[in-house]
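One file, coords-v7.cif, carrying mmCIF, C-alpha atoms and all ligand atoms:
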```cif
data_work
loop_
_atom_site.group_PDB
_atom_site.id
_atom_site.type_symbol
_atom_site.label_atom_id
_atom_site.label_comp_id
_atom_site.auth_asym_id
_atom_site.auth_seq_id
_atom_site.Cartn_x
_atom_site.Cartn_y
_atom_site.Cartn_z
ATOM 1 C CA MET A 3 -4.870 22.976 30.994
ATOM 2 C CA THR A 4 -4.017 26.202 29.185
ATOM 3 C CA THR A 5 -0.640 26.748 27.552
ATOM 4 C CA LEU A 6 0.837 30.219 27.244
ATOM 5 C CA LEU A 7 3.135 31.128 24.374
ATOM 6 C CA LEU A 8 5.172 34.288 23.857
ATOM 7 C CA GLN A 9 5.948 35.602 20.362
ATOM 8 C CA LEU A 10 8.736 38.129 19.843
ATOM 9 C CA SER A 11 9.755 39.490 16.466
ATOM 10 C CA ASP A 12 12.026 41.787 14.501
ATOM 11 C CA LEU A 13 14.753 42.505 17.039
ATOM 12 C CA HIS A 14 17.069 44.183 14.490
ATOM 13 C CA LEU A 15 20.078 44.152 16.816
ATOM 14 C CA PHE A 16 23.538 45.412 15.912
ATOM 15 C CA ALA A 17 26.961 44.215 17.044
ATOM 16 C CA GLU A 18 27.546 47.664 18.557
ATOM 17 C CA PRO A 19 25.380 47.699 21.722
ATOM 18 C CA GLU A 20 24.482 51.397 21.393
ATOM 19 C CA ALA A 21 23.623 51.331 17.669
ATOM 20 C CA VAL A 22 20.272 52.784 16.653
ATOM 21 C CA LEU A 23 17.769 52.013 13.907
ATOM 22 C CA ARG A 24 15.615 55.041 13.027
ATOM 23 C CA GLY A 25 16.508 56.550 16.384
ATOM 24 C CA VAL A 26 15.753 53.418 18.429
ATOM 25 C CA PRO A 27 18.632 51.669 20.273
ATOM 26 C CA THR A 28 17.333 48.227 19.400
ATOM 27 C CA ARG A 29 19.301 46.334 22.036
ATOM 28 C CA ASP A 30 18.012 48.546 24.867
ATOM 29 C CA SER A 31 14.520 48.404 23.420
ATOM 30 C CA LEU A 32 14.596 44.581 23.394
ATOM 31 C CA ALA A 33 15.875 44.598 26.987
ATOM 32 C CA GLU A 34 12.875 46.758 27.953
ATOM 33 C CA VAL A 35 10.487 44.382 26.194
ATOM 34 C CA LEU A 36 12.007 41.391 27.994
ATOM 35 C CA GLU A 37 11.666 43.220 31.307
ATOM 36 C CA ALA A 38 7.980 43.789 30.492
ATOM 37 C CA VAL A 39 7.640 40.080 29.662
ATOM 38 C CA ARG A 40 9.065 39.237 33.089
ATOM 39 C CA GLY A 41 6.725 41.803 34.588
ATOM 40 C CA THR A 42 3.673 39.896 33.359
ATOM 41 C CA GLY A 43 4.575 37.104 35.773
ATOM 42 C CA LEU A 44 3.263 34.660 33.159
ATOM 43 C CA ASP A 45 4.858 31.253 32.744
ATOM 44 C CA PHE A 46 5.336 30.820 29.016
ATOM 45 C CA GLY A 47 5.569 27.201 27.944
ATOM 46 C CA ARG A 48 7.077 28.242 24.609
ATOM 47 C CA VAL A 49 8.731 31.312 23.111
ATOM 48 C CA VAL A 50 8.800 31.772 19.330
ATOM 49 C CA VAL A 51 10.960 34.450 17.699
ATOM 50 C CA THR A 52 9.786 35.118 14.159
ATOM 51 C CA GLY A 53 12.898 36.512 12.567
ATOM 52 C CA ASP A 54 15.034 39.570 11.917
ATOM 53 C CA PHE A 55 17.286 38.950 14.902
ATOM 54 C CA THR A 56 19.909 41.288 13.506
ATOM 55 C CA HIS A 57 20.211 44.285 11.245
ATOM 56 C CA ASP A 58 23.856 43.555 10.410
ATOM 57 C CA GLU A 59 23.899 39.734 10.110
ATOM 58 C CA ARG A 60 27.058 39.421 12.234
ATOM 59 C CA ARG A 61 27.950 36.471 14.431
ATOM 60 C CA GLU A 62 28.461 38.582 17.557
ATOM 61 C CA THR A 63 25.002 40.080 17.077
ATOM 62 C CA TYR A 64 23.419 36.608 17.074
ATOM 63 C CA GLN A 65 25.434 35.805 20.176
ATOM 64 C CA ALA A 66 24.080 38.963 21.850
ATOM 65 C CA ALA A 67 20.507 37.944 20.935
ATOM 66 C CA HIS A 68 21.120 34.455 22.325
ATOM 67 C CA GLY A 69 22.435 35.970 25.545
ATOM 68 C CA LEU A 70 19.431 38.255 26.005
ATOM 69 C CA LEU A 71 17.058 35.309 25.471
ATOM 70 C CA ASP A 72 19.052 33.019 27.738
ATOM 71 C CA GLU A 73 16.410 32.421 30.434
ATOM 72 C CA TRP A 74 13.883 31.254 27.799
ATOM 73 C CA ILE A 75 16.312 29.452 25.496
ATOM 74 C CA ASP A 76 15.280 25.929 26.567
ATOM 75 C CA ARG A 77 11.678 26.744 25.509
ATOM 76 C CA CYS A 78 12.551 28.832 22.465
ATOM 77 C CA HIS A 79 12.080 28.288 18.727
ATOM 78 C CA VAL A 80 13.715 30.663 16.281
ATOM 79 C CA LEU A 81 12.910 31.349 12.633
ATOM 80 C CA PRO A 82 14.825 33.480 10.109
ATOM 81 C CA GLY A 83 13.615 36.761 8.611
ATOM 82 C CA ASN A 84 14.887 38.618 5.588
ATOM 83 C CA HIS A 85 17.512 40.374 7.735
ATOM 84 C CA ASP A 86 18.988 37.073 8.922
ATOM 85 C CA ASP A 87 21.798 34.768 7.904
ATOM 86 C CA ARG A 88 20.427 31.244 8.144
ATOM 87 C CA VAL A 89 23.865 29.675 8.627
ATOM 88 C CA LEU A 90 24.867 32.022 11.470
ATOM 89 C CA LEU A 91 21.451 31.680 13.113
ATOM 90 C CA ARG A 92 21.915 27.909 13.129
ATOM 91 C CA GLU A 93 25.503 28.072 14.325
ATOM 92 C CA VAL A 94 24.652 30.318 17.284
ATOM 93 C CA PHE A 95 21.209 28.924 18.245
ATOM 94 C CA GLY A 96 22.036 25.257 17.642
ATOM 95 C CA ASP A 97 19.074 22.944 18.107
ATOM 96 C CA ARG A 98 16.773 25.958 18.785
ATOM 97 C CA ALA A 99 17.138 26.588 15.031
ATOM 98 C CA GLY A 100 16.662 23.030 13.830
ATOM 99 C CA GLY A 101 14.892 21.820 10.743
ATOM 100 C CA THR A 102 15.695 20.277 7.431
ATOM 101 C CA ASP A 103 18.183 20.871 4.624
ATOM 102 C CA GLN A 104 15.511 23.132 3.121
ATOM 103 C CA GLY A 105 15.465 25.553 6.037
ATOM 104 C CA ILE A 106 14.880 26.264 9.705
ATOM 105 C CA CYS A 107 11.569 24.803 10.804
ATOM 106 C CA PHE A 108 9.924 22.981 13.685
ATOM 107 C CA SER A 109 6.861 20.896 14.382
ATOM 108 C CA GLU A 110 5.971 19.835 17.892
ATOM 109 C CA SER A 111 2.973 19.048 20.051
ATOM 110 C CA VAL A 112 2.488 21.312 23.083
ATOM 111 C CA GLY A 113 -0.587 21.209 25.309
ATOM 112 C CA GLY A 114 -2.479 19.234 22.676
ATOM 113 C CA TRP A 115 -1.765 21.785 19.936
ATOM 114 C CA ARG A 116 0.602 21.433 17.008
ATOM 115 C CA LEU A 117 3.087 24.299 16.718
ATOM 116 C CA ILE A 118 4.774 24.545 13.340
ATOM 117 C CA GLY A 119 7.449 27.012 12.254
ATOM 118 C CA VAL A 120 8.047 27.673 8.556
ATOM 119 C CA ASP A 121 11.159 29.188 6.972
ATOM 120 C CA THR A 122 10.298 31.930 4.441
ATOM 121 C CA HIS A 123 13.813 33.372 4.090
ATOM 122 C CA ILE A 124 15.281 33.939 0.606
ATOM 123 C CA PRO A 125 19.018 34.648 0.937
ATOM 124 C CA GLY A 126 19.820 38.207 -0.145
ATOM 125 C CA GLU A 127 16.208 39.265 -0.737
ATOM 126 C CA VAL A 128 13.613 41.208 1.230
ATOM 127 C CA PRO A 129 10.403 39.380 0.222
ATOM 128 C CA GLY A 130 9.938 35.813 1.427
ATOM 129 C CA ARG A 131 8.901 32.546 -0.095
ATOM 130 C CA VAL A 132 7.820 29.116 1.092
ATOM 131 C CA GLU A 133 10.020 27.093 -1.225
ATOM 132 C CA PRO A 134 8.464 23.958 -2.753
ATOM 133 C CA ALA A 135 10.498 21.622 -0.532
ATOM 134 C CA MET A 136 9.444 23.541 2.620
ATOM 135 C CA LEU A 137 5.854 23.480 1.419
ATOM 136 C CA ASP A 138 6.077 19.702 0.912
ATOM 137 C CA TRP A 139 7.445 19.304 4.444
ATOM 138 C CA LEU A 140 4.619 21.468 5.824
ATOM 139 C CA ALA A 141 1.990 19.540 3.857
ATOM 140 C CA GLY A 142 3.391 16.305 5.292
ATOM 141 C CA GLU A 143 3.225 17.612 8.865
ATOM 142 C CA LEU A 144 -0.340 18.872 8.413
ATOM 143 C CA ASP A 145 -1.383 15.578 6.853
ATOM 144 C CA GLN A 146 0.223 13.531 9.613
ATOM 145 C CA HIS A 147 -1.343 15.598 12.406
ATOM 146 C CA SER A 148 -4.634 16.549 10.782
ATOM 147 C CA SER A 149 -6.711 16.170 13.943
ATOM 148 C CA GLN A 150 -4.572 18.542 16.060
ATOM 149 C CA PRO A 151 -5.425 22.240 16.332
ATOM 150 C CA THR A 152 -2.445 24.004 14.774
ATOM 151 C CA ILE A 153 -0.642 27.348 14.871
ATOM 152 C CA LEU A 154 1.822 28.228 12.118
ATOM 153 C CA PHE A 155 4.639 30.715 12.695
ATOM 154 C CA GLN A 156 6.694 32.404 9.988
ATOM 155 C CA HIS A 157 8.377 35.732 9.227
ATOM 156 C CA HIS A 158 6.498 36.913 6.122
ATOM 157 C CA PRO A 159 2.680 37.290 6.247
ATOM 158 C CA PRO A 160 0.876 35.281 3.557
ATOM 159 C CA ILE A 161 -1.828 37.916 2.979
ATOM 160 C CA SER A 162 -2.040 41.681 2.518
ATOM 161 C CA VAL A 163 -1.697 43.836 5.626
ATOM 162 C CA GLY A 164 -3.175 46.824 3.786
ATOM 163 C CA SER A 165 0.088 48.736 3.240
ATOM 164 C CA ALA A 166 1.256 48.786 -0.386
ATOM 165 C CA TRP A 167 4.955 48.988 0.493
ATOM 166 C CA LEU A 168 4.758 46.027 2.885
ATOM 167 C CA ASP A 169 2.568 43.942 0.603
ATOM 168 C CA ALA A 170 5.225 44.406 -2.111
ATOM 169 C CA ILE A 171 7.819 42.736 0.140
ATOM 170 C CA GLY A 172 5.553 40.031 1.580
ATOM 171 C CA LEU A 173 5.340 36.387 0.658
ATOM 172 C CA ARG A 174 6.197 35.823 -3.006
ATOM 173 C CA ASP A 175 4.068 33.314 -4.932
ATOM 174 C CA PRO A 176 1.742 32.811 -1.934
ATOM 175 C CA GLY A 177 -0.868 30.746 -3.815
ATOM 176 C CA PRO A 178 0.272 27.201 -2.947
ATOM 177 C CA PHE A 179 0.804 28.118 0.721
ATOM 178 C CA ARG A 180 -2.603 29.780 0.962
ATOM 179 C CA GLU A 181 -4.287 26.789 -0.677
ATOM 180 C CA LEU A 182 -2.592 24.419 1.762
ATOM 181 C CA VAL A 183 -3.800 26.439 4.776
ATOM 182 C CA ILE A 184 -7.322 26.703 3.394
ATOM 183 C CA ARG A 185 -7.577 22.956 2.817
ATOM 184 C CA SER A 186 -6.177 22.194 6.310
ATOM 185 C CA PRO A 187 -9.066 23.082 8.634
ATOM 186 C CA GLN A 188 -7.037 22.327 11.766
ATOM 187 C CA VAL A 189 -4.861 25.404 11.081
ATOM 188 C CA ARG A 190 -6.392 27.986 13.400
ATOM 189 C CA VAL A 191 -3.707 30.690 13.307
ATOM 190 C CA VAL A 192 -0.834 31.863 11.109
ATOM 191 C CA SER A 193 1.260 34.319 13.154
ATOM 192 C CA CYS A 194 3.957 36.398 11.493
ATOM 193 C CA GLY A 195 6.491 39.178 11.962
ATOM 194 C CA HIS A 196 8.144 41.334 9.278
ATOM 195 C CA VAL A 197 5.645 44.225 9.260
ATOM 196 C CA HIS A 198 6.518 45.760 12.674
ATOM 197 C CA GLN A 199 2.866 46.321 13.552
ATOM 198 C CA GLU A 200 -0.177 44.497 14.869
ATOM 199 C CA SER A 201 -2.680 43.290 12.287
ATOM 200 C CA VAL A 202 -5.447 40.721 12.023
ATOM 201 C CA GLY A 203 -6.747 39.055 8.873
ATOM 202 C CA MET A 204 -8.210 35.766 7.701
ATOM 203 C CA LEU A 205 -7.012 33.032 5.376
ATOM 204 C CA GLY A 206 -9.859 30.574 5.010
ATOM 205 C CA GLN A 207 -10.667 29.456 8.553
ATOM 206 C CA ALA A 208 -7.314 30.642 9.962
ATOM 207 C CA ALA A 209 -6.645 33.960 11.685
ATOM 208 C CA VAL A 210 -3.567 35.667 10.257
ATOM 209 C CA LEU A 211 -1.874 37.775 12.926
ATOM 210 C CA THR A 212 1.182 39.991 12.953
ATOM 211 C CA VAL A 213 3.154 41.343 15.895
ATOM 212 C CA PRO A 214 5.011 44.530 16.794
ATOM 213 C CA SER A 215 8.777 44.707 16.466
ATOM 214 C CA THR A 216 10.697 44.811 19.743
ATOM 215 C CA GLY A 217 12.238 48.005 18.288
ATOM 216 C CA VAL A 218 10.890 50.264 15.540
ATOM 217 C CA GLN A 219 7.124 50.289 14.791
ATOM 218 C CA PHE A 220 5.551 51.051 11.406
ATOM 219 C CA THR A 221 2.225 52.846 11.022
ATOM 220 C CA PRO A 222 -0.512 50.575 9.580
ATOM 221 C CA LEU A 223 -2.300 51.237 6.295
ATOM 222 C CA GLN A 224 0.332 53.352 4.537
ATOM 223 C CA ASP A 225 1.536 53.404 0.925
ATOM 224 C CA ALA A 226 5.113 54.190 2.016
ATOM 225 C CA PRO A 227 7.122 53.461 5.181
ATOM 226 C CA ARG A 228 6.138 55.664 8.090
ATOM 227 C CA VAL A 229 7.405 55.182 11.618
ATOM 228 C CA ASP A 230 4.720 54.848 14.286
ATOM 229 C CA THR A 231 5.012 56.528 17.676
ATOM 230 C CA ILE A 232 3.195 53.673 19.455
ATOM 231 C CA PRO A 233 5.211 51.775 22.120
ATOM 232 C CA THR A 234 6.880 48.483 21.290
ATOM 233 C CA GLY A 235 5.512 45.163 22.517
ATOM 234 C CA PHE A 236 5.017 41.438 22.118
ATOM 235 C CA ARG A 237 2.245 38.907 21.479
ATOM 236 C CA VAL A 238 0.870 36.360 23.920
ATOM 237 C CA PHE A 239 -1.160 33.268 23.021
ATOM 238 C CA ALA A 240 -3.268 31.150 25.350
ATOM 239 C CA PHE A 241 -4.562 27.867 23.978
ATOM 240 C CA ASP A 242 -6.709 25.328 25.757
ATOM 241 C CA GLU A 243 -5.941 21.637 25.699
ATOM 242 C CA PRO A 244 -8.446 19.851 23.439
ATOM 243 C CA ALA A 245 -10.984 17.636 25.199
ATOM 244 C CA GLN A 246 -11.035 13.958 24.245
ATOM 245 C CA GLY A 247 -12.365 13.742 20.686
ATOM 246 C CA GLU A 248 -12.885 17.508 20.362
ATOM 247 C CA ASP A 249 -12.808 18.803 16.797
ATOM 248 C CA ALA A 250 -9.611 20.755 16.010
ATOM 249 C CA GLY A 251 -11.737 23.598 14.671
ATOM 250 C CA SER A 252 -13.547 24.206 17.937
ATOM 251 C CA VAL A 253 -10.743 24.172 20.526
ATOM 252 C CA SER A 254 -10.536 27.644 22.042
ATOM 253 C CA TRP A 255 -7.546 29.945 21.877
ATOM 254 C CA SER A 256 -6.922 33.632 22.408
ATOM 255 C CA SER A 257 -4.159 36.067 21.691
ATOM 256 C CA ARG A 258 -3.340 39.674 22.398
ATOM 257 C CA VAL A 259 -0.563 42.129 21.852
ATOM 258 C CA ILE A 260 0.858 43.664 25.007
ATOM 259 C CA ARG A 261 2.629 46.975 24.536
ATOM 260 C CA LEU A 262 4.932 48.819 26.902
ATOM 261 C CA PRO A 263 3.247 51.629 28.854
ATOM 262 C CA ALA A 264 5.082 54.410 27.033
ATOM 263 C CA VAL A 265 7.636 55.163 24.359
ATOM 264 C CA THR A 266 11.116 55.283 25.891
ATOM 265 C CA PHE A 267 13.060 55.691 22.663
ATOM 266 C CA PRO A 268 11.207 58.003 20.241
ATOM 267 C CA ALA A 269 11.705 56.676 16.725
ATOM 268 C CA LEU A 270 12.659 58.960 13.829
ATOM 269 C CA ASP A 271 10.803 58.958 10.534
ATOM 270 C CA GLU A 272 13.616 59.008 7.996
HETATM 271 FE FE FE B 301 12.004 43.403 10.476
#
```

Entire entry expressed as structure tokens:
Amino acid sequence: MTTLLLQLSDLHLFAEPEAVLRGVPTRDSLAEVLEAVRGTGLDFGRVVVTGDFTHDERRETYQAAHGLLDEWIDRCHVLPGNHDDRVLLREVFGDRAGGTDQGICFSESVGGWRLIGVDTHIPGEVPGRVEPAMLDWLAGELDQHSSQPTILFQHHPPISVGSAWLDAIGLRDPGPFRELVIRSPQVRVVSCGHVHQESVGMLGQAAVLTVPSTGVQFTPLQDAPRVDTIPTGFRVFAFDEPAQGEDAGSVSWSSRVIRLPAVTFPALDE
């Protein structure tokens, strides 16, 4: 059996439905992305949204996001980004934004894989951090499920994406997190948002992936922010169920970014 998973990220919605971010009406852009998701005809067993639901951190904006995701909500996990309010996200998304006192997180077994979501949000700040208590929780989950192939999801990438301005607002104090991933060979993927672009890197044995925003895209490999003219999109994972006794490091998986056919809302470089 193969499980399909959809990752969406960086919605940056506003309470005002027509509001734009760098020229892009983010609510309409998300609606287009969701229409493209439907258009794939794929049956996603899980949907993970890796943060930055809103650009204004208002309750009605979270409610709008919840409404747009309604048909997937029973299969959805949500994580906070730097542009989120953890309390509002929890109030509006309820048990879709579960976790511990330390943050919004999840750990569940789907199709023989372990899916883990990690909260990297620091209230009021742009960079992220896996706080010691969250790291302890993650270490416990990885220890308890060490034979299961594992995908981690979080907002902030734990390694450089090759853009100085983005690396400066990435994961603060990443050492302990990186060491934990490297010494946990069952971790096959760490998939993140935050950077509004597709990228691929490695952390030990794990692939580190990032995804486009459902709104504004940033051009890769830049020293300063530069808006990309590439269409928006989403990421799809397919992971095979492990055979009896199969090593977690050899179970096959694949992932690709699917972009819309064309740019509908040309973004402005401000
Ligand atoms: Fe973002």

Set the cut-off to 10 Å, count all atoms listed in the file, and list whatever residues fall near ligand FE 301 (chain B) as a PyMOL selection string. chain A and resi 11-14+52-57+83-86+128+157-158+195-198+214-219

Out of A:Ala240, A:Val80, A:Ala170, A:Leu270, which residue has the shortest atom-to-atom distance to A:Thr5 when counting only C-alpha atoms?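 When distances to A:Thr5 are compared using only C-alpha atoms, the smallest one comes from A:Ala240.
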
The PyMOL selection byres (((chain A and resi 245) around 12) and not hetatm) applied to the shown file, residues as a ChimeraX atom specification: /A:3-4,113-115,150-151,242-244,246-250,252-254

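Between atom CA of A:Asp230 and atom CA of A:Glu20 the separation is 21.3 Å.
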
As a check of understanding: the span from atom CA of A:Phe236 to atom CA of A:Val39 is 8.1 Å

Nearby residues (all atoms listed in the file) at most 8 Å from A:Arg237, same-chain spacing under 6 positions excluded, as a short mmCIF file (atom, residue, chain, number, x, y, z; two decimals) with C-alpha atoms, keeping the file's coordinate frame:
```
data_model
loop_
_atom_site.label_atom_id
_atom_site.label_comp_id
_atom_site.auth_asym_id
_atom_site.auth_seq_id
_atom_site.Cartn_x
_atom_site.Cartn_y
_atom_site.Cartn_z
CA LEU A 8 5.17 34.29 23.86
CA GLN A 9 5.95 35.60 20.36
CA LEU A 10 8.74 38.13 19.84
CA VAL A 213 3.15 41.34 15.90
CA PRO A 214 5.01 44.53 16.79
CA SER A 257 -4.16 36.07 21.69
CA ARG A 258 -3.34 39.67 22.40
CA VAL A 259 -0.56 42.13 21.85
CA ILE A 260 0.86 43.66 25.01
#
```

For the file shown, report as an NGL selection string the outcome of the PyMOL selection byres (((chain A and resi 129) around 6) and not hetatm) at residue level. :A and (127-128 or 130 or 171-173)

Show me, as a PyMOL selection string, the residues that have an atom within 12 Å of A:Glu93 when counting only C-alpha atoms, minus same-chain residues fewer than 3 positions from it. chain A and resi 60-62+64-65+68+87-90+96-100+106

Dump of C-alpha atoms for the selected residues, as a tab-separated table (two decimals), in the coordinates of the input:
```
chain	number	residue	atom	x	y	z
A	60	ARG	CA	27.06	39.42	12.23
A	61	ARG	CA	27.95	36.47	14.43
A	62	GLU	CA	28.46	38.58	17.56
A	64	TYR	CA	23.42	36.61	17.07
A	65	GLN	CA	25.43	35.80	20.18
A	68	HIS	CA	21.12	34.46	22.32
A	87	ASP	CA	21.80	34.77	7.90
A	88	ARG	CA	20.43	31.24	8.14
A	89	VAL	CA	23.86	29.68	8.63
A	90	LEU	CA	24.87	32.02	11.47
A	96	GLY	CA	22.04	25.26	17.64
A	97	ASP	CA	19.07	22.94	18.11
A	98	ARG	CA	16.77	25.96	18.78
A	99	ALA	CA	17.14	26.59	15.03
A	100	GLY	CA	16.66	23.03	13.83
A	106	ILE	CA	14.88	26.26	9.70
```

I want to know what sits within 9 Å of A:Val202, based on all atoms listed in the file, with residues of the same chain fewer than 4 positions away left out; could you give that as a ChimeraX atom specification? /A:163,209-212

Would you translate the PyMOL selection byres (((chain A and resi 265) around 8) and not hetatm) into the concrete set of residues it matches in this file, as a list in words? Thr231, Ile232, Pro233, Thr234, Leu262, Pro263, Ala264, Thr266, Phe267 and Pro268 of chain A
